[in-house]
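Below is data.txt, holding compact mmCIF, C-alpha atoms.
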```
# COMPACT_ATOMS: atom_id res chain seq x y z
CA MET A 21 77.83 106.98 167.09
CA GLY A 22 75.48 107.34 164.18
CA TRP A 23 74.65 104.44 161.90
CA PHE A 24 74.00 104.54 158.16
CA LYS A 25 72.62 102.11 155.61
CA ARG A 26 74.04 101.85 152.09
CA LEU A 27 71.16 102.24 149.64
CA LYS A 28 73.05 101.14 146.52
CA ASP A 29 75.68 98.48 145.99
CA GLY A 30 78.86 99.17 144.13
CA ILE A 31 79.32 102.80 145.16
CA GLN A 32 82.83 103.88 144.31
CA THR A 33 84.82 106.92 145.26
CA ALA A 34 86.49 108.97 142.58
CA SER A 35 90.26 108.88 142.44
CA ARG A 36 92.11 112.15 141.94
CA ASN A 37 94.71 110.38 139.81
CA LYS A 38 92.21 108.63 137.52
CA LYS A 39 92.23 110.01 133.97
CA GLU A 40 89.24 109.50 131.71
CA ALA A 41 89.84 108.81 128.01
CA PRO A 42 88.68 111.75 125.90
CA GLU A 43 85.29 111.16 124.30
CA GLY A 44 85.49 110.24 120.64
CA LEU A 45 89.05 108.91 120.84
CA TRP A 46 88.26 105.19 120.92
CA HIS A 47 85.88 102.93 119.01
CA GLN A 48 84.72 99.45 120.02
CA CYS A 49 83.75 97.09 117.22
CA PRO A 50 80.09 96.00 117.57
CA ARG A 51 80.98 92.51 116.36
CA CYS A 52 84.36 91.44 117.78
CA LYS A 53 84.46 94.08 120.58
CA GLU A 54 88.04 95.00 119.66
CA ALA A 55 88.97 98.55 120.62
CA SER A 56 90.75 100.79 118.15
CA THR A 57 91.51 104.48 117.98
CA MET A 58 89.39 106.68 115.75
CA LYS A 59 92.55 107.43 113.78
CA GLU A 60 93.06 103.72 113.10
CA LEU A 61 89.38 103.36 112.17
CA ARG A 62 89.53 106.20 109.65
CA ALA A 63 92.75 104.80 108.18
CA SER A 64 90.97 101.47 107.57
CA PHE A 65 87.99 103.10 105.79
CA HIS A 66 85.84 102.99 108.95
CA LYS A 67 86.17 99.21 109.11
CA CYS A 68 87.31 97.23 112.14
CA PRO A 69 91.08 96.69 111.75
CA LYS A 70 90.71 93.23 113.29
CA CYS A 71 87.56 91.62 111.81
CA ASN A 72 86.82 93.96 108.84
CA PHE A 73 83.32 94.81 110.11
CA HIS A 74 81.97 97.70 108.02
CA ASN A 75 80.71 100.40 110.38
CA ARG A 76 77.96 102.69 109.17
CA ILE A 77 79.25 105.97 107.79
CA GLY A 78 77.59 109.13 106.53
CA ALA A 79 77.28 110.83 103.17
CA PHE A 80 80.34 113.07 103.58
CA ASP A 81 82.47 110.07 104.59
CA TYR A 82 81.63 108.43 101.27
CA PHE A 83 82.31 111.61 99.32
CA GLU A 84 85.76 111.92 100.90
CA LEU A 85 86.45 108.26 100.19
CA ILE A 86 85.31 108.34 96.55
CA TYR A 87 86.28 111.72 95.09
CA ASP A 88 89.78 112.71 93.99
CA GLU A 89 91.61 114.72 96.69
CA GLU A 90 88.30 114.77 98.63
CA GLN A 91 87.13 117.59 96.37
CA PHE A 92 83.42 117.83 95.48
CA ALA A 93 80.57 120.32 95.08
CA LEU A 94 77.19 119.90 96.75
CA LEU A 95 74.02 120.13 94.66
CA PHE A 96 70.38 121.01 95.46
CA GLU A 97 71.03 121.96 99.09
CA GLU A 98 68.31 124.60 98.85
CA LEU A 99 65.60 121.90 99.00
CA ARG A 100 64.14 121.42 102.49
CA SER A 101 61.43 119.15 103.91
CA LYS A 102 58.01 120.70 104.70
CA ASP A 103 55.26 119.59 107.05
CA VAL A 104 52.39 119.72 104.55
CA LEU A 105 50.23 117.29 106.58
CA ASN A 106 50.67 118.93 110.02
CA PHE A 107 51.83 115.51 111.17
CA VAL A 108 52.24 114.74 114.87
CA ASP A 109 53.20 111.44 116.52
CA LEU A 110 55.25 111.62 119.71
CA LYS A 111 56.26 115.11 118.58
CA PRO A 112 55.41 117.41 115.64
CA TYR A 113 57.24 116.73 112.38
CA PRO A 114 58.85 120.23 112.30
CA ASP A 115 60.39 119.49 115.72
CA ARG A 116 61.84 116.25 114.39
CA LEU A 117 63.34 118.11 111.44
CA THR A 118 64.83 120.80 113.68
CA GLU A 119 66.35 118.12 115.90
CA ALA A 120 67.76 116.29 112.86
CA TYR A 121 69.34 119.51 111.53
CA LYS A 122 71.03 120.15 114.89
CA LYS A 123 72.42 116.63 115.23
CA ASN A 124 73.69 116.21 111.66
CA LYS A 125 75.68 118.19 109.15
CA VAL A 126 73.45 116.94 106.34
CA SER A 127 70.28 118.82 105.38
CA ASP A 128 68.15 115.74 104.65
CA ALA A 129 68.36 111.97 104.36
CA ILE A 130 70.17 112.21 101.01
CA THR A 131 73.00 114.49 99.94
CA VAL A 132 74.02 114.98 96.30
CA ALA A 133 77.54 115.86 95.17
CA VAL A 134 79.53 116.02 91.95
CA GLY A 135 83.25 115.49 91.53
CA ALA A 136 85.89 113.38 89.81
CA VAL A 137 86.88 109.75 90.36
CA ASP A 138 90.34 109.14 88.90
CA GLY A 139 89.63 112.09 86.62
CA GLU A 140 86.21 110.86 85.49
CA GLY A 141 83.10 112.84 86.45
CA LEU A 142 80.51 111.21 88.74
CA VAL A 143 77.38 112.38 90.55
CA VAL A 144 76.87 110.67 93.92
CA ALA A 145 73.64 110.76 95.93
CA ALA A 146 74.41 109.32 99.37
CA MET A 147 71.83 108.58 102.04
CA ASP A 148 72.49 109.13 105.74
CA PHE A 149 70.77 106.90 108.30
CA LYS A 150 71.25 109.41 111.12
CA PHE A 151 68.79 111.82 109.51
CA ILE A 152 65.40 110.41 110.63
CA GLY A 153 66.51 106.86 109.88
CA GLY A 154 67.55 107.70 106.34
CA SER A 155 63.85 107.86 105.49
CA MET A 156 62.72 108.75 101.98
CA GLY A 157 60.55 111.85 101.90
CA SER A 158 59.71 114.35 99.18
CA VAL A 159 63.12 116.04 99.35
CA VAL A 160 64.91 112.72 98.87
CA GLY A 161 62.81 112.00 95.78
CA GLU A 162 63.26 115.50 94.38
CA ARG A 163 67.02 115.54 94.92
CA ILE A 164 67.34 112.21 93.12
CA SER A 165 65.12 113.54 90.33
CA LYS A 166 67.22 116.68 89.95
CA ALA A 167 70.43 114.61 90.14
CA ILE A 168 69.19 112.56 87.18
CA ASP A 169 68.42 115.73 85.20
CA TYR A 170 71.89 117.06 86.03
CA CYS A 171 73.52 113.81 84.88
CA ILE A 172 71.67 113.98 81.56
CA GLU A 173 72.60 117.64 81.02
CA GLN A 174 76.27 117.08 81.90
CA ARG A 175 76.55 113.54 80.43
CA LEU A 176 77.65 112.04 83.74
CA PRO A 177 77.02 108.65 85.40
CA LEU A 178 75.06 108.43 88.66
CA LEU A 179 75.81 106.52 91.87
CA ILE A 180 73.18 106.26 94.62
CA ILE A 181 74.35 104.94 97.99
CA SER A 182 71.34 103.63 99.90
CA LYS A 183 71.23 103.51 103.69
CA THR A 184 67.65 103.75 104.85
CA GLY A 185 64.73 102.52 106.89
CA GLY A 186 62.33 103.13 103.98
CA ALA A 187 59.62 105.70 103.30
CA ARG A 188 59.19 108.61 105.73
CA MET A 189 56.13 108.00 107.87
CA MET A 190 55.62 111.69 108.59
CA GLU A 191 54.95 112.42 104.91
CA ALA A 192 52.55 109.49 104.38
CA ALA A 193 51.47 109.07 100.73
CA PHE A 194 53.82 111.86 99.60
CA SER A 195 56.77 109.70 100.59
CA LEU A 196 55.33 106.63 98.86
CA MET A 197 54.93 108.66 95.65
CA GLN A 198 58.72 109.03 95.56
CA MET A 199 59.02 105.32 94.73
CA ALA A 200 57.21 105.77 91.42
CA LYS A 201 58.78 109.18 90.78
CA THR A 202 62.40 108.05 91.13
CA SER A 203 61.81 104.77 89.27
CA ALA A 204 60.18 106.55 86.34
CA LYS A 205 62.89 109.22 86.25
CA LEU A 206 65.62 106.57 86.03
CA THR A 207 64.19 105.47 82.68
CA ARG A 208 65.26 108.87 81.32
CA LEU A 209 68.82 108.13 82.42
CA ALA A 210 68.67 104.76 80.67
CA LYS A 211 67.33 106.33 77.46
CA ALA A 212 70.21 108.80 77.58
CA LYS A 213 72.55 105.76 77.74
CA LEU A 214 74.09 106.92 81.01
CA PRO A 215 74.93 104.35 83.72
CA PHE A 216 73.28 104.16 87.12
CA PHE A 217 75.27 102.39 89.83
CA SER A 218 73.39 101.36 92.98
CA LEU A 219 75.35 100.64 96.16
CA LEU A 220 73.31 99.09 98.96
CA THR A 221 74.71 99.50 102.48
CA ASP A 222 73.54 98.55 105.96
CA PRO A 223 70.58 98.86 106.20
CA THR A 224 68.66 99.21 102.94
CA THR A 225 65.00 98.45 103.56
CA GLY A 226 61.41 99.38 102.80
CA GLY A 227 60.29 101.50 99.87
CA VAL A 228 63.83 102.39 98.83
CA THR A 229 64.63 98.71 98.25
CA ALA A 230 61.32 98.40 96.39
CA SER A 231 62.23 101.26 94.05
CA PHE A 232 65.50 102.86 92.94
CA ALA A 233 67.91 100.81 95.08
CA MET A 234 67.37 97.66 93.00
CA LEU A 235 67.14 99.35 89.59
CA GLY A 236 70.82 99.96 88.91
CA ASP A 237 72.62 98.91 85.76
CA VAL A 238 74.95 97.46 88.37
CA ASN A 239 73.63 96.61 91.84
CA PHE A 240 76.27 95.93 94.48
CA ALA A 241 76.54 96.02 98.26
CA GLU A 242 78.90 96.22 101.19
CA PRO A 243 79.60 93.01 103.14
CA GLU A 244 76.95 91.78 105.61
CA ALA A 245 74.57 94.63 104.79
CA LEU A 246 70.93 94.15 105.80
CA ILE A 247 68.86 94.42 102.63
CA GLY A 248 65.14 93.77 102.40
CA PHE A 249 61.66 95.17 101.93
CA ALA A 250 59.63 94.00 104.92
CA GLY A 251 60.94 92.71 108.25
CA PRO A 252 61.43 88.97 108.90
CA ARG A 253 58.39 88.72 111.19
CA VAL A 254 56.05 90.20 108.56
CA ILE A 255 57.43 87.94 105.83
CA LYS A 256 57.19 84.85 108.02
CA GLU A 257 53.58 85.58 108.92
CA THR A 258 52.74 86.23 105.26
CA ILE A 259 54.27 83.11 103.70
CA LYS A 260 53.72 80.88 106.76
CA LYS A 261 57.20 79.37 106.46
CA GLU A 262 60.45 79.40 108.37
CA LEU A 263 63.00 81.76 106.85
CA PRO A 264 66.58 80.75 105.94
CA GLU A 265 69.26 82.07 108.27
CA GLY A 266 70.73 85.34 107.06
CA PHE A 267 68.28 85.58 104.16
CA GLN A 268 68.38 89.40 104.17
CA THR A 269 72.18 89.76 104.06
CA SER A 270 74.06 90.96 101.01
CA GLU A 271 75.81 87.56 100.83
CA PHE A 272 72.45 85.73 100.59
CA LEU A 273 71.19 88.15 97.94
CA LEU A 274 74.38 87.73 95.89
CA GLU A 275 74.02 83.94 96.03
CA HIS A 276 70.43 84.19 94.76
CA GLY A 277 71.12 86.62 91.93
CA PHE A 278 69.84 89.92 93.34
CA LEU A 279 73.30 91.55 93.41
CA ASP A 280 76.15 91.68 90.91
CA PHE A 281 78.92 91.69 93.51
CA ILE A 282 79.89 92.61 97.06
CA ILE A 283 82.51 95.32 97.50
CA ASP A 284 84.92 95.91 100.36
CA ARG A 285 84.89 99.62 101.14
CA LYS A 286 88.64 99.94 100.57
CA ASP A 287 88.11 98.85 96.94
CA LEU A 288 85.10 101.07 96.25
CA LYS A 289 86.85 103.93 94.47
CA THR A 290 88.92 101.64 92.26
CA ARG A 291 85.89 99.56 91.24
CA LEU A 292 83.82 102.68 90.51
CA SER A 293 86.60 104.06 88.34
CA GLU A 294 86.77 100.80 86.38
CA MET A 295 82.98 100.72 85.84
CA ILE A 296 82.84 104.37 84.73
CA VAL A 297 85.54 103.76 82.11
CA LEU A 298 83.91 100.48 81.02
CA PHE A 299 80.51 102.10 80.45
CA LYS A 300 82.14 105.11 78.80
CA HIS A 301 83.85 102.87 76.24
CA ALA A 302 80.60 100.97 75.71
CA GLN A 303 78.81 104.26 74.87
CA VAL A 304 81.50 105.10 72.31
CA GLY A 305 80.94 101.73 70.68
CA VAL A 306 77.16 102.20 70.46
```

Starting from the coordinates I provided, produce the structure as structure tokens.
Amino acid sequence: MGWFKRLKDGIQTASRNKKEAPEGLWHQCPRCKEASTMKELRASFHKCPKCNFHNRIGAFDYFELIYDEEQFALLFEELRSKDVLNFVDLKPYPDRLTEAYKKNKVSDAITVAVGAVDGEGLVVAAMDFKFIGGSMGSVVGERISKAIDYCIEQRLPLLIISKTGGARMMEAAFSLMQMAKTSAKLTRLAKAKLPFFSLLTDPTTGGVTASFAMLGDVNFAEPEALIGFAGPRVIKETIKKELPEGFQTSEFLLEHGFLDFIIDRKDLKTRLSEMIVLFKHAQVGV
């Protein structure tokens, strides 16, 4: 009789009757661990039905949530990122871009659309964290710049939804220049007396926070969003002090005057509609 030795513990045999749940059918909440179907999650605005945790969503999810009958037109899709520096880290920048295009249905870290919110026109520029960490490169800056020009030409308000890790490392100083470019361009929108709404979502960090994300006529955020410029370790080492618990959450920023309000995603469209009408009436009175 031959002998054998088990090399790994916990080896299990497959059962013919065992049925695996189809991939993409279920979602487990990162916070409370409650399982819900994807249908239930979509019905609750991509929030946990049990604890209301706001899961990260992409640009098209916001467009469908905000615009009337989910109808909108995309703008400036012809703009594409270029590798002007021949940048290579673990892989060449063009390879990273190709990989990002394959994995996502967006063409860069920000997507611009125009449509109606309760009948009122609105341009929305929504960032997507899945595209190279939502990093701000030259295309992000140029799309925001062109979105501002479009708003001025069409007399429309602008909403930017930030979800980003900051400036895009692979574009070096070119990405940092977008901070000044977008900030300066927003002054044109202000001079045209058109409102700029800034929605900060999880996470909003780095050069985006240090530029357009905090320059809105109204700055607001989703619950429990991580919002900051530098990471906690860098700040702690710089100021040589212990940091308050949760100091980079939207709730902490609201308490200390950096935000106007926090919005539950289910109320986003209604609140946007109210603000658009409010600013519209204010313009008439000017």

>> Between CA of Leu95 in chain A and CA of Thr207 in chain A, what distance in Å does the model show, to one decimal?
In response: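 Between these atoms lies a distance of 21.3 Å.
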
> Nearest to Phe73 in chain A among A:Lys256, A:Lys183, A:Lys53, A:Lys211, with distances taken over all atoms listed in the file: which residue is it?
Replying inline: A:Lys53

>> Would you pick out the contacts of range 97-104 of chain A at 9 Å or less, using all atoms listed in the file, so that residues sharing its chain but fewer than 2 positions from it are not included, and give the list as a VMD selection string?
In response: chain A and resid 94 to 95 106 to 107 112 to 114 117 127 to 128 131 to 132 157 to 160 162 to 163 190 to 191

> CA of Gln198 in chain A and CA of Thr229 in chain A are how many Å apart?
Replying inline: 12.2 Å

>> What's around Leu179 in chain A at 12 Å? Count all atoms listed in the file, leave out sequence neighbours fewer than 5 positions away in its own chain, and write the answer as a VMD selection string.
In response: chain A and resid 82 to 83 86 131 to 135 137 141 to 147 164 167 to 168 171 206 209 214 to 220 232 to 233 235 to 240 288 to 289 292 to 293 295 to 296

Give, as JSON, the centre coordinates and the x, y and z edge lengths in Å to one decimal for an axis-aligned box around all listed atoms of range 203-210 of chain A, padded by 3 Å on each side.
```
{"center_x": 64.5, "center_y": 107.0, "center_z": 85.0, "size_x": 14.6, "size_y": 10.5, "size_z": 14.6}
```

>> For a test of reading the model, state the distance in Å between CA of Thr184 in chain A and CA of Tyr121 in chain A, rounded to one decimal.
In response: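 These atoms are spaced 17.2 Å apart.
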
> Of the candidates A:Asp169, A:Gln48, A:Thr224, A:Phe267, which shows the shortest atom-to-atom distance to Ile255 in chain A, using only C-alpha atoms?
Replying inline: A:Phe267

>> Could you list, as a list of chain:residue names, every residue within 9 Å of Asp284 in chain A, counting all atoms listed in the file and ignoring same-chain residues fewer than 5 positions away?
In response: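 Neighbouring residues, sequence-local ones excluded: A:Asn72, A:His74, A:Ala241, A:Glu242, A:Pro243.
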
>> So that I can check the surroundings of Arg76 in chain A, please list as number ranges by chain every protein, DNA and RNA residue that reaches within 10 Å of it, counting all atoms listed in the file and ignoring chain neighbours fewer than 3 positions away.
In response: A: 66-67, 73, 81, 148-150, 183, 221-223, 245

Could you save the residues just selected, with C-alpha atoms, as a PDB file, in the coordinates of the input?
```pdb
ATOM      1  CA  HIS A  66      85.840 102.990 108.950  1.00  0.00           C
ATOM      2  CA  LYS A  67      86.170  99.210 109.110  1.00  0.00           C
ATOM      3  CA  PHE A  73      83.320  94.810 110.110  1.00  0.00           C
ATOM      4  CA  ASP A  81      82.470 110.070 104.590  1.00  0.00           C
ATOM      5  CA  ASP A 148      72.490 109.130 105.740  1.00  0.00           C
ATOM      6  CA  PHE A 149      70.770 106.900 108.300  1.00  0.00           C
ATOM      7  CA  LYS A 150      71.250 109.410 111.120  1.00  0.00           C
ATOM      8  CA  LYS A 183      71.230 103.510 103.690  1.00  0.00           C
ATOM      9  CA  THR A 221      74.710  99.500 102.480  1.00  0.00           C
ATOM     10  CA  ASP A 222      73.540  98.550 105.960  1.00  0.00           C
ATOM     11  CA  PRO A 223      70.580  98.860 106.200  1.00  0.00           C
ATOM     12  CA  ALA A 245      74.570  94.630 104.790  1.00  0.00           C
TER      13      ALA A 245
END
```

>> My list of candidates is A:Gly227, A:Gln303, A:Gly139, A:Ile283. Which is closest to Ala212 in chain A when distances are computed with only C-alpha atoms?
In response: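 Counting only C-alpha atoms, the residue closest to Ala212 in chain A is A:Gln303.
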
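Remark: for Lys125 in chain A, the closest of the candidate residues A:Thr57, A:Ala192, A:Phe151, A:Met197 is A:Phe151 (distances computed over only C-alpha atoms).
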
> Using all atoms listed in the file, which of A:Lys166, A:Lys300, A:Arg253, A:Lys201 sits nearest Lys213 in chain A?
Replying inline: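 Of the candidates, the smallest distance to Lys213 in chain A is held by A:Lys300.
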